[in-house]
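The data block below is structure_36.tsv; it holds TSV, C-alpha atoms and all ligand atoms.
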```tsv
chain	number	residue	atom	x	y	z
N	1	MET	CA	0.00	0.00	0.00
N	2	THR	CA	1.17	3.55	-0.72
N	3	PRO	CA	0.60	6.03	2.09
N	4	THR	CA	-1.39	9.16	1.26
N	5	LEU	CA	-1.19	10.82	4.65
N	6	ILE	CA	0.28	10.83	8.13
N	7	ALA	CA	-2.12	11.20	11.05
N	8	THR	CA	-1.28	11.96	14.68
N	9	ALA	CA	-3.17	11.53	17.95
N	10	ASP	CA	-2.48	11.17	21.65
N	11	PRO	CA	-1.31	7.54	22.02
N	12	SER	CA	-3.65	6.98	24.97
N	13	PHE	CA	-6.61	7.68	22.67
N	14	ALA	CA	-5.19	5.71	19.71
N	15	PRO	CA	-8.16	3.33	19.29
N	16	ALA	CA	-10.61	6.25	19.02
N	17	ALA	CA	-8.36	8.09	16.55
N	18	VAL	CA	-7.95	4.95	14.42
N	19	ALA	CA	-11.75	4.52	14.40
N	20	GLU	CA	-12.12	8.12	13.10
N	21	LEU	CA	-9.54	7.47	10.39
N	22	GLN	CA	-11.18	4.20	9.35
N	23	LYS	CA	-14.59	5.87	9.26
N	24	ALA	CA	-13.09	8.30	6.74
N	25	GLY	CA	-11.95	5.33	4.61
N	26	GLY	CA	-8.33	5.33	5.82
N	27	GLN	CA	-6.38	2.09	5.94
N	28	ILE	CA	-3.34	1.98	8.18
N	29	VAL	CA	-0.11	1.27	6.33
N	30	ALA	CA	2.22	1.46	9.34
N	31	GLU	CA	2.48	2.88	12.84
N	32	LEU	CA	5.62	5.03	12.72
N	33	ASP	CA	5.57	5.81	16.45
N	34	PRO	CA	2.87	5.51	19.15
N	35	GLY	CA	-0.07	7.61	17.91
N	36	ILE	CA	1.50	8.38	14.49
N	37	TRP	CA	0.39	6.42	11.44
N	38	THR	CA	0.84	6.39	7.68
N	39	LEU	CA	-2.45	5.64	5.93
N	40	GLU	CA	-3.82	5.03	2.50
N	41	LEU	CA	-7.06	6.74	1.54
N	42	PRO	CA	-9.56	5.80	-1.16
N	43	GLY	CA	-9.55	9.41	-2.43
N	44	ASP	CA	-6.89	12.06	-2.12
N	45	PHE	CA	-5.65	13.83	0.99
N	46	PHE	CA	-7.34	17.12	0.12
N	47	ALA	CA	-10.84	15.60	-0.05
N	48	LEU	CA	-10.47	14.36	3.53
N	49	ALA	CA	-8.82	17.62	4.62
N	50	GLU	CA	-11.80	19.61	3.31
N	51	LEU	CA	-14.30	17.29	4.97
N	52	TRP	CA	-12.45	17.56	8.29
N	53	ARG	CA	-11.91	21.31	7.98
N	54	GLN	CA	-15.69	21.65	8.09
N	55	ASN	CA	-16.28	18.82	10.54
N	56	PRO	CA	-13.12	18.05	12.46
N	57	PRO	CA	-12.60	14.73	14.23
N	58	ILE	CA	-12.23	14.71	18.02
N	59	PHE	CA	-9.17	12.55	18.53
N	60	VAL	CA	-7.08	12.87	15.37
N	61	ARG	CA	-5.01	15.95	16.12
N	62	HIS	CA	-3.03	16.53	12.98
N	63	ILE	CA	-2.88	15.27	9.40
N	64	CYS	CA	-0.44	16.00	6.61
N	65	PRO	CA	-0.14	14.64	3.08
N	66	VAL	CA	2.55	12.24	1.85
N	67	GLN	CA	3.46	13.14	-1.72
N	68	THR	CA	7.10	12.00	-1.82
N	69	ILE	CA	9.00	9.37	0.13
N	70	LEU	CA	12.80	9.70	0.12
N	71	SER	CA	15.46	7.42	1.48
N	72	LEU	CA	17.51	8.66	4.41
N	73	ALA	CA	20.37	6.37	3.38
N	74	ASP	CA	22.06	9.13	1.32
N	75	GLY	CA	21.94	11.58	4.22
N	76	VAL	CA	20.05	14.73	5.14
N	77	ASP	CA	21.71	16.90	2.46
N	78	SER	CA	20.38	14.67	-0.28
N	79	VAL	CA	16.85	14.79	1.21
N	80	VAL	CA	17.05	18.60	1.25
N	81	GLU	CA	18.32	18.80	-2.36
N	82	THR	CA	15.59	16.49	-3.69
N	83	ALA	CA	12.91	18.22	-1.65
N	84	VAL	CA	13.92	21.62	-3.11
N	85	LEU	CA	13.71	20.22	-6.64
N	86	THR	CA	10.34	18.60	-5.96
N	87	PHE	CA	8.54	21.36	-4.07
N	88	THR	CA	9.90	24.70	-5.38
N	89	HIS	CA	7.42	24.87	-8.28
N	90	LEU	CA	4.55	23.60	-6.09
N	91	LEU	CA	4.76	26.47	-3.61
N	92	GLU	CA	2.35	29.35	-4.14
N	93	PRO	CA	4.94	32.20	-4.24
N	94	ASP	CA	2.76	34.86	-2.55
N	95	TRP	CA	1.73	32.82	0.47
N	96	PRO	CA	3.98	32.56	3.53
N	97	PHE	CA	5.21	29.03	4.14
N	98	SER	CA	7.06	27.03	6.72
N	99	VAL	CA	8.81	23.67	6.87
N	100	GLN	CA	7.68	21.52	9.79
N	101	THR	CA	9.96	18.58	10.47
N	102	ARG	CA	9.35	15.78	12.94
N	103	VAL	CA	11.95	13.18	13.76
N	104	LEU	CA	10.54	9.93	15.15
N	105	GLY	CA	12.13	7.06	17.04
N	106	ASP	CA	15.83	7.14	17.85
N	107	LEU	CA	17.15	8.85	14.70
N	108	LYS	CA	20.08	11.11	15.51
N	109	ILE	CA	18.86	13.98	13.31
N	110	LYS	CA	17.39	17.21	14.75
N	111	PRO	CA	14.33	18.86	13.11
N	112	PHE	CA	16.45	22.02	12.76
N	113	ASP	CA	18.92	20.11	10.51
N	114	ILE	CA	16.15	19.90	7.89
N	115	ASN	CA	14.01	22.94	8.67
N	116	LYS	CA	16.80	25.49	8.33
N	117	PRO	CA	18.49	24.47	5.05
N	118	LEU	CA	15.24	23.38	3.39
N	119	SER	CA	13.30	26.56	4.18
N	120	GLN	CA	16.26	28.75	3.20
N	121	LYS	CA	16.77	27.01	-0.13
N	122	LEU	CA	13.06	26.98	-0.92
N	123	THR	CA	12.83	30.73	-0.24
N	124	GLU	CA	15.87	31.36	-2.47
N	125	ALA	CA	14.56	29.15	-5.27
N	126	SER	CA	10.91	30.23	-5.26
N	127	GLY	CA	10.86	33.69	-3.62
N	128	THR	CA	8.14	32.47	-1.24
N	129	PRO	CA	8.25	34.28	2.12
N	130	LEU	CA	8.98	32.20	5.21
N	131	ASP	CA	6.71	32.60	8.26
N	132	VAL	CA	7.03	29.91	10.90
N	133	ARG	CA	4.40	31.46	13.21
N	134	GLN	CA	1.51	31.93	10.78
N	135	PRO	CA	2.25	30.00	7.61
N	136	PHE	CA	-0.38	29.68	4.90
N	137	GLN	CA	1.31	26.66	3.37
N	138	ILE	CA	3.31	24.01	5.16
N	139	LEU	CA	5.83	21.52	3.86
N	140	SER	CA	5.57	18.65	6.37
N	141	VAL	CA	8.58	16.40	6.72
N	142	VAL	CA	8.45	13.28	8.88
N	143	LEU	CA	11.60	11.23	9.35
N	144	ALA	CA	11.06	7.68	10.54
N	145	GLY	CA	13.24	4.59	10.19
N	146	GLU	CA	14.99	4.84	6.82
N	147	SER	CA	12.50	7.15	5.17
N	148	ALA	CA	11.59	10.82	4.89
N	149	TYR	CA	7.89	11.44	4.14
N	150	LEU	CA	7.16	14.83	2.59
N	151	GLY	CA	3.94	16.59	1.69
N	152	LEU	CA	2.81	20.15	0.93
N	153	SER	CA	-0.59	21.43	2.08
N	154	LEU	CA	-2.29	24.57	3.31
N	155	ALA	CA	-2.20	25.12	7.08
N	156	VAL	CA	-6.02	24.87	7.12
N	157	ASN	CA	-5.78	21.35	5.67
N	158	ASN	CA	-3.82	19.95	8.62
N	159	LEU	CA	-6.31	20.27	11.57
N	160	SER	CA	-3.58	22.23	13.39
N	161	ASP	CA	-1.07	24.87	12.28
N	162	TRP	CA	1.59	23.17	14.42
N	163	ALA	CA	3.78	20.18	13.58
N	164	GLY	CA	1.93	17.08	14.79
N	165	GLY	CA	-0.59	19.37	16.56
N	166	VAL	CA	1.97	20.15	19.25
N	167	ARG	CA	1.02	23.68	20.25
N	168	ARG	CA	3.47	25.12	22.76
N	169	PHE	CA	2.97	28.47	24.47
N	170	ALA	CA	5.65	30.58	26.14
N	171	ARG	CA	5.49	30.31	29.92
N	172	GLU	CA	4.81	33.67	31.57
N	173	LYS	CA	6.30	34.58	34.92
N	174	GLU	CA	2.82	35.34	36.33
N	175	GLN	CA	1.37	32.02	35.15
N	176	ILE	CA	-0.77	30.36	37.83
N	177	SER	CA	-1.33	26.89	36.45
N	178	ARG	CA	-0.45	24.74	33.45
N	179	ALA	CA	-4.21	24.61	32.80
N	180	GLU	CA	-3.85	28.11	31.30
N	181	PHE	CA	-2.37	26.54	28.14
N	182	LYS	CA	-5.49	24.41	27.80
N	183	LEU	CA	-7.72	27.47	27.65
N	184	LEU	CA	-5.36	29.36	25.32
N	185	GLU	CA	-5.24	26.37	22.98
N	186	ALA	CA	-9.04	26.00	23.01
N	187	LEU	CA	-9.57	29.71	22.22
N	188	GLU	CA	-7.14	29.40	19.32
N	189	ILE	CA	-8.32	26.14	17.80
N	190	PHE	CA	-12.03	27.05	18.01
N	191	LYS	CA	-11.23	30.62	16.83
N	192	ILE	CA	-13.12	32.10	19.77
N	193	GLU	CA	-13.30	35.87	20.15
N	194	LEU	CA	-14.40	36.76	23.66
N	195	PRO	CA	-16.89	39.63	23.86
N	196	PRO	CA	-15.27	42.92	24.80
N	197	ARG	CA	-15.48	43.46	28.59
N	198	GLY	CA	-17.72	40.40	28.88
N	199	ARG	CA	-19.05	38.79	32.03
N	200	ALA	CA	-17.51	35.36	32.49
N	201	LEU	CA	-18.29	32.54	34.88
N	202	ASP	CA	-15.40	30.17	35.69
N	203	LEU	CA	-16.67	26.94	37.28
N	204	GLY	CA	-13.97	24.98	39.12
N	205	ALA	CA	-11.69	28.01	38.90
N	206	ALA	CA	-8.99	27.29	41.54
N	207	PRO	CA	-6.09	27.95	41.60
N	208	GLY	CA	-7.11	30.46	38.93
N	209	GLY	CA	-5.19	29.90	35.69
N	210	TRP	CA	-8.27	30.19	33.48
N	211	THR	CA	-9.47	33.18	35.50
N	212	ARG	CA	-6.11	34.88	34.86
N	213	VAL	CA	-6.37	34.21	31.10
N	214	LEU	CA	-9.96	35.53	31.06
N	215	ARG	CA	-8.84	38.67	32.92
N	216	GLN	CA	-6.07	39.19	30.35
N	217	LYS	CA	-8.82	39.10	27.74
N	218	GLU	CA	-10.71	41.85	29.62
N	219	GLN	CA	-13.45	39.65	31.06
N	220	TYR	CA	-15.03	40.34	34.45
N	221	VAL	CA	-14.83	36.97	36.12
N	222	THR	CA	-16.98	35.23	38.71
N	223	ALA	CA	-14.80	32.36	39.90
N	224	VAL	CA	-16.67	29.51	41.59
N	225	ASP	CA	-14.64	27.00	43.57
N	226	PRO	CA	-14.54	25.98	47.26
N	227	ALA	CA	-10.72	26.07	47.00
N	228	TRP	CA	-8.70	29.28	47.27
N	229	LEU	CA	-7.56	31.30	44.29
N	230	HIS	CA	-3.96	32.39	43.83
N	231	PRO	CA	-3.17	35.55	45.91
N	232	SER	CA	-2.59	37.63	42.73
N	233	LEU	CA	-6.30	37.16	41.88
N	234	GLN	CA	-7.62	37.79	45.37
N	235	LYS	CA	-6.77	41.49	45.11
N	236	ASP	CA	-8.03	41.87	41.52
N	237	LYS	CA	-11.26	43.92	41.50
N	238	GLY	CA	-12.32	42.31	38.23
N	239	VAL	CA	-12.56	38.91	39.96
N	240	ARG	CA	-15.36	37.86	42.29
N	241	HIS	CA	-14.52	34.61	44.03
N	242	LEU	CA	-17.43	32.59	45.41
N	243	ARG	CA	-16.13	29.84	47.66
N	244	LEU	CA	-18.98	27.54	46.71
N	245	THR	CA	-19.43	24.39	44.69
N	246	ALA	CA	-21.07	24.84	41.28
N	247	GLU	CA	-24.12	22.99	42.70
N	248	GLU	CA	-24.39	25.49	45.56
N	249	TYR	CA	-24.06	28.51	43.27
N	250	LEU	CA	-26.75	27.06	40.99
N	251	ALA	CA	-29.14	26.94	43.93
N	252	ASP	CA	-28.29	30.57	44.75
N	253	TYR	CA	-29.88	32.37	41.73
N	254	PRO	CA	-26.80	32.84	39.55
N	255	ASP	CA	-26.35	35.88	37.31
N	256	THR	CA	-26.45	35.59	33.53
N	257	TYR	CA	-23.16	35.48	31.63
N	258	ASP	CA	-21.62	36.06	28.20
N	259	VAL	CA	-19.10	33.29	28.74
N	260	ILE	CA	-19.20	30.18	30.93
N	261	VAL	CA	-16.12	27.98	31.28
N	262	ASN	CA	-15.97	24.77	33.23
N	263	ASP	CA	-12.77	22.90	34.10
N	264	MET	CA	-14.22	21.13	37.16
N	265	ARG	CA	-12.59	17.90	38.23
N	266	LEU	CA	-15.76	15.84	37.91
N	267	ASP	CA	-16.89	12.80	35.96
N	268	ALA	CA	-17.63	13.91	32.37
N	269	ARG	CA	-21.34	13.06	32.61
N	270	ASP	CA	-21.84	14.80	35.98
N	271	SER	CA	-20.03	17.86	34.73
N	272	ALA	CA	-22.13	17.86	31.52
N	273	ARG	CA	-25.35	17.65	33.54
N	274	LEU	CA	-24.33	20.59	35.72
N	275	MET	CA	-23.26	22.56	32.67
N	276	GLY	CA	-26.65	21.87	31.12
N	277	GLU	CA	-28.31	23.45	34.13
N	278	TYR	CA	-26.10	26.50	33.73
N	279	GLY	CA	-27.20	26.82	30.10
N	280	ARG	CA	-30.12	28.99	31.12
N	281	TYR	CA	-27.69	31.48	32.66
N	282	LEU	CA	-25.90	32.03	29.36
N	283	TYR	CA	-27.04	34.98	27.21
N	284	PRO	CA	-28.35	33.98	23.75
N	285	HIS	CA	-25.16	35.32	22.13
N	286	GLY	CA	-23.05	33.56	24.78
N	287	LEU	CA	-20.47	30.83	24.46
N	288	ALA	CA	-19.20	28.14	26.77
N	289	LEU	CA	-16.24	25.79	27.10
N	290	ILE	CA	-16.06	22.60	29.13
N	291	THR	CA	-13.33	20.02	29.65
N	292	LEU	CA	-14.81	16.55	29.89
N	293	LYS	CA	-12.63	14.35	32.12
N	294	LEU	CA	-12.70	10.86	30.67
N	295	PRO	CA	-12.24	7.53	32.45
N	296	GLU	CA	-9.38	5.27	31.37
N	297	LYS	CA	-11.71	2.46	30.32
N	298	ARG	CA	-14.69	2.88	28.02
N	299	TYR	CA	-13.87	6.56	27.55
N	300	ASP	CA	-15.65	6.59	24.18
N	301	SER	CA	-19.04	5.71	25.66
N	302	ALA	CA	-18.53	8.18	28.56
N	303	LEU	CA	-17.75	10.89	25.98
N	304	ASP	CA	-20.77	10.03	23.80
N	305	HIS	CA	-23.00	10.10	26.85
N	306	ALA	CA	-21.65	13.45	28.06
N	307	LEU	CA	-21.96	14.99	24.57
N	308	ASN	CA	-25.56	13.79	24.32
N	309	ILE	CA	-26.34	15.45	27.65
N	310	LEU	CA	-24.75	18.69	26.45
N	311	ARG	CA	-26.69	18.57	23.14
N	312	GLN	CA	-29.94	18.73	25.08
N	313	HIS	CA	-29.00	22.24	26.21
N	314	PHE	CA	-26.47	23.61	23.73
N	315	THR	CA	-25.21	23.44	20.18
N	316	VAL	CA	-21.91	21.59	20.24
N	317	ALA	CA	-19.79	23.90	18.08
N	318	GLY	CA	-16.58	21.87	18.47
N	319	ALA	CA	-15.01	19.03	20.42
N	320	ARG	CA	-11.28	18.24	20.30
N	321	GLN	CA	-8.74	16.32	22.27
N	322	LEU	CA	-6.14	19.10	22.49
N	323	PHE	CA	-2.39	18.87	23.00
N	324	HIS	CA	-2.72	20.41	26.47
N	325	ASN	CA	-5.60	18.13	27.46
N	326	ARG	CA	-4.59	15.15	29.54
N	327	SER	CA	-7.35	12.48	29.81
N	328	GLU	CA	-9.98	14.88	28.62
N	329	VAL	CA	-11.68	16.48	25.64
N	330	THR	CA	-12.47	20.18	25.35
N	331	VAL	CA	-15.93	21.06	24.06
N	332	TYR	CA	-17.02	24.42	22.65
N	333	LEU	CA	-20.72	25.19	23.20
N	334	LYS	CA	-23.14	27.79	21.97
N	335	LYS	CA	-26.75	28.42	22.83
N	336	VAL	CA	-29.13	26.24	20.83
N	337	SER	CA	-30.28	28.40	17.89
N	338	LYS	CA	-34.04	28.45	17.85
X	401	LIG	C1	-8.31	21.17	37.27
X	401	LIG	S1	-8.76	22.21	38.57
X	401	LIG	C2	-9.15	23.67	37.70
X	401	LIG	C3	-7.92	24.43	37.25
X	401	LIG	C4	-8.26	25.80	36.75
X	401	LIG	N1	-8.98	25.78	35.49
X	401	LIG	C5	-7.02	26.62	36.55
X	401	LIG	O1	-6.74	27.05	35.42
X	401	LIG	O2	-6.31	26.90	37.53
X	401	LIG	C6	-10.32	21.58	39.02
X	401	LIG	C7	-11.05	22.36	40.11
X	401	LIG	O3	-12.39	21.89	40.12
X	401	LIG	C8	-12.87	22.15	41.41
X	401	LIG	N2	-14.13	21.43	41.59
X	401	LIG	C9	-14.36	20.08	41.60
X	401	LIG	N3	-15.67	19.84	41.81
X	401	LIG	C10	-16.28	21.06	41.91
X	401	LIG	C11	-17.62	21.47	42.11
X	401	LIG	N4	-18.60	20.58	42.25
X	401	LIG	N5	-17.88	22.79	42.15
X	401	LIG	C12	-16.89	23.69	42.00
X	401	LIG	N6	-15.61	23.36	41.81
X	401	LIG	C13	-15.29	22.07	41.77
X	401	LIG	C14	-11.72	21.70	42.33
X	401	LIG	O4	-11.82	22.32	43.60
X	401	LIG	C15	-10.50	22.17	41.53
X	401	LIG	O5	-10.03	23.41	42.03
```
Would you write out, as structure tokens, the structure that this file holds?
Ligand SMILES: C[S@@+](CC[C@H](N)C(=O)[O-])C[C@H]1O[C@@H](n2cnc3c(N)ncnc32)[C@H](O)[C@@H]1O
Amino acid sequence: MTPTLIATADPSFAPAAVAELQKAGGQIVAELDPGIWTLELPGDFFALAELWRQNPPIFVRHICPVQTILSLADGVDSVVETAVLTFTHLLEPDWPFSVQTRVLGDLKIKPFDINKPLSQKLTEASGTPLDVRQPFQILSVVLAGESAYLGLSLAVNNLSDWAGGVRRFAREKEQISRAEFKLLEALEIFKIELPPRGRALDLGAAPGGWTRVLRQKEQYVTAVDPAWLHPSLQKDKGVRHLRLTAEEYLADYPDTYDVIVNDMRLDARDSARLMGEYGRYLYPHGLALITLKLPEKRYDSALDHALNILRQHFTVAGARQLFHNRSEVTVYLKKVSK
């Protein structure tokens, strides 16, 4: 079989990702590394990419095409030379591009050893501008075993703009929790614009990472959690901390919000039920985000169940297992449009 694409997912959710790929007609050619597969498709890569751009899968995090397979036996320089010859005329010269290289297994090559010479030579040969932060087109290079797999696509084709879906954020000195990355990644992947000076409810807010991110985005935050918030938030006048459980606040005539986020450490179905109850305290234009914590076993049925509960109260606008999610899936919700 000839691989048409490489797909990547969190190895702990591999069976669910493989099921999504098979549902799309993909047949696994090889597993290059845990959670990274080459696949053959009945159609071409771009047909699947377009389908998934409109309706993304939950567990497959990143896809990229395989258009050329080169041997690593002749060394990295030879891969770079052939790649320049193959891809120079395929680049759209006006659109910024980047080369994203992944090195799998125990190969002694660094991604930089390919990224730097290949992107430089492609820019020289084609005049295409390089932009590693916001590329329009991406040349994906995956080195595994004795082969280099290469494919050119638009960033929007790949489910994520980042190599393998690995989205890293710079750590800020004031950061309160690693959970902040989870919210930043969700806002980015779902393309969420928070309303200017909105009113936000943060359920399960402690120690306050999400609250800090929401404050940075000019939201007035009601943080609900029996646990204490970080001292830097306690003196912030834009934060109201209610030392209550979400169940207690619900019984206490909550306000209505533009944004509701929920990162409570609760079983996915219980958290979805509570979130459903909060749906009536979301303005019609409002949006909500919830992380569904999944059990190790039978996580797919727990997720289906939780999503069905949420659908009774909201429109599910997106659901993805993000790089910064551990055993969880982040779900983007809107009010049901009537
Ligand atoms: C993963 S932490 C949240 C981290 C937070 N998003 C951050 O960025 O710092 C989960 C929190 O859920 C809270 N929690 C669990 N059950 C809750 C409930 N029923 N009501 C409110 N908070 C709850 C816990 O106290 C804990 O602080």
Nearest candidate to ligand LIG 401 (chain X) (options N:Pro56, N:Pro231, N:Gly279, N:Gly204; using only C-alpha atoms and all ligand atoms): N:Gly204
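Atom pair CA of Thr38 (chain N) / CA of Leu159 (chain N): separated by 16.1 Å.
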List all protein, DNA and RNA residues that have any atom at most 9 Å from ligand LIG 401 (chain X), counting only C-alpha atoms and all ligand atoms, and write the list as a PyMOL selection string. chain N and resi 176-183+202-213+224-230+243-249+261-266+271+274
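Excluding region 93-102 of chain N itself and any same-chain residue fewer than 4 positions from it, the protein and nucleic acid residues within 6 Å of it, counting all atoms listed in the file, are Pro111, Asn115, Ser119, Thr128, Pro129, Leu130, Asp131, Val132, Pro135, Phe136, Gln137, Ile138, Leu139, Ser140, Val141, Val142 and Ala163 of chain N.
Residue nearest His285 (chain N) within the list N:Ala155, N:Leu333, N:Leu72, N:Ala302: N:Leu333 [criterion: smallest interatomic distance, all atoms listed in the file].
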Residue neighbourhood Ala24 (chain N), 10 Å, only C-alpha atoms, exclusion window fewer than 5 positions, as a PyMOL selection string: chain N and resi 18-19+41-43+48+51-52+57
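Minimum distance to Asp113 (chain N) across N:Trp162, N:Ile290, N:Asp74, N:Val80 (counting only C-alpha atoms) occurs at N:Val80.
Atom to atom, CA of Pro11 (chain N) and CA of Phe323 (chain N) stand 11.4 Å apart.
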Who sits within 7 Å of Ala272 (chain N), all atoms listed in the file, same chain under 4 positions skipped, as a PDB file with C-alpha atoms, keeping the file's coordinate frame:
```pdb
ATOM      1  CA  ALA N 268     -17.630  13.910  32.370  1.00  0.00           C
ATOM      2  CA  GLY N 276     -26.650  21.870  31.120  1.00  0.00           C
ATOM      3  CA  ALA N 306     -21.650  13.450  28.060  1.00  0.00           C
ATOM      4  CA  ILE N 309     -26.340  15.450  27.650  1.00  0.00           C
ATOM      5  CA  LEU N 310     -24.750  18.690  26.450  1.00  0.00           C
TER       6      LEU N 310
END
```
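The spacing separating CA of Thr82 (chain N) from CA of Tyr149 (chain N) amounts to 12.1 Å.
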Residue neighbourhood Ala319 (chain N), 6 Å, only C-alpha atoms, exclusion window fewer than 4 positions, as a ChimeraX atom specification: /N:58,330-331
Prev. selection, C-alpha atoms, output as a PDB file, in the frame of the given file:
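Contents of selection.pdb, freshly written:
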```pdb
ATOM      1  CA  ILE N  58     -12.230  14.710  18.020  1.00  0.00           C
ATOM      2  CA  THR N 330     -12.470  20.180  25.350  1.00  0.00           C
ATOM      3  CA  VAL N 331     -15.930  21.060  24.060  1.00  0.00           C
TER       4      VAL N 331
END
```
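With distances restricted to only C-alpha atoms, N:Leu143 is the closest residue to Lys108 (chain N) from N:Leu143, N:Leu90, N:Arg133, N:Val60.
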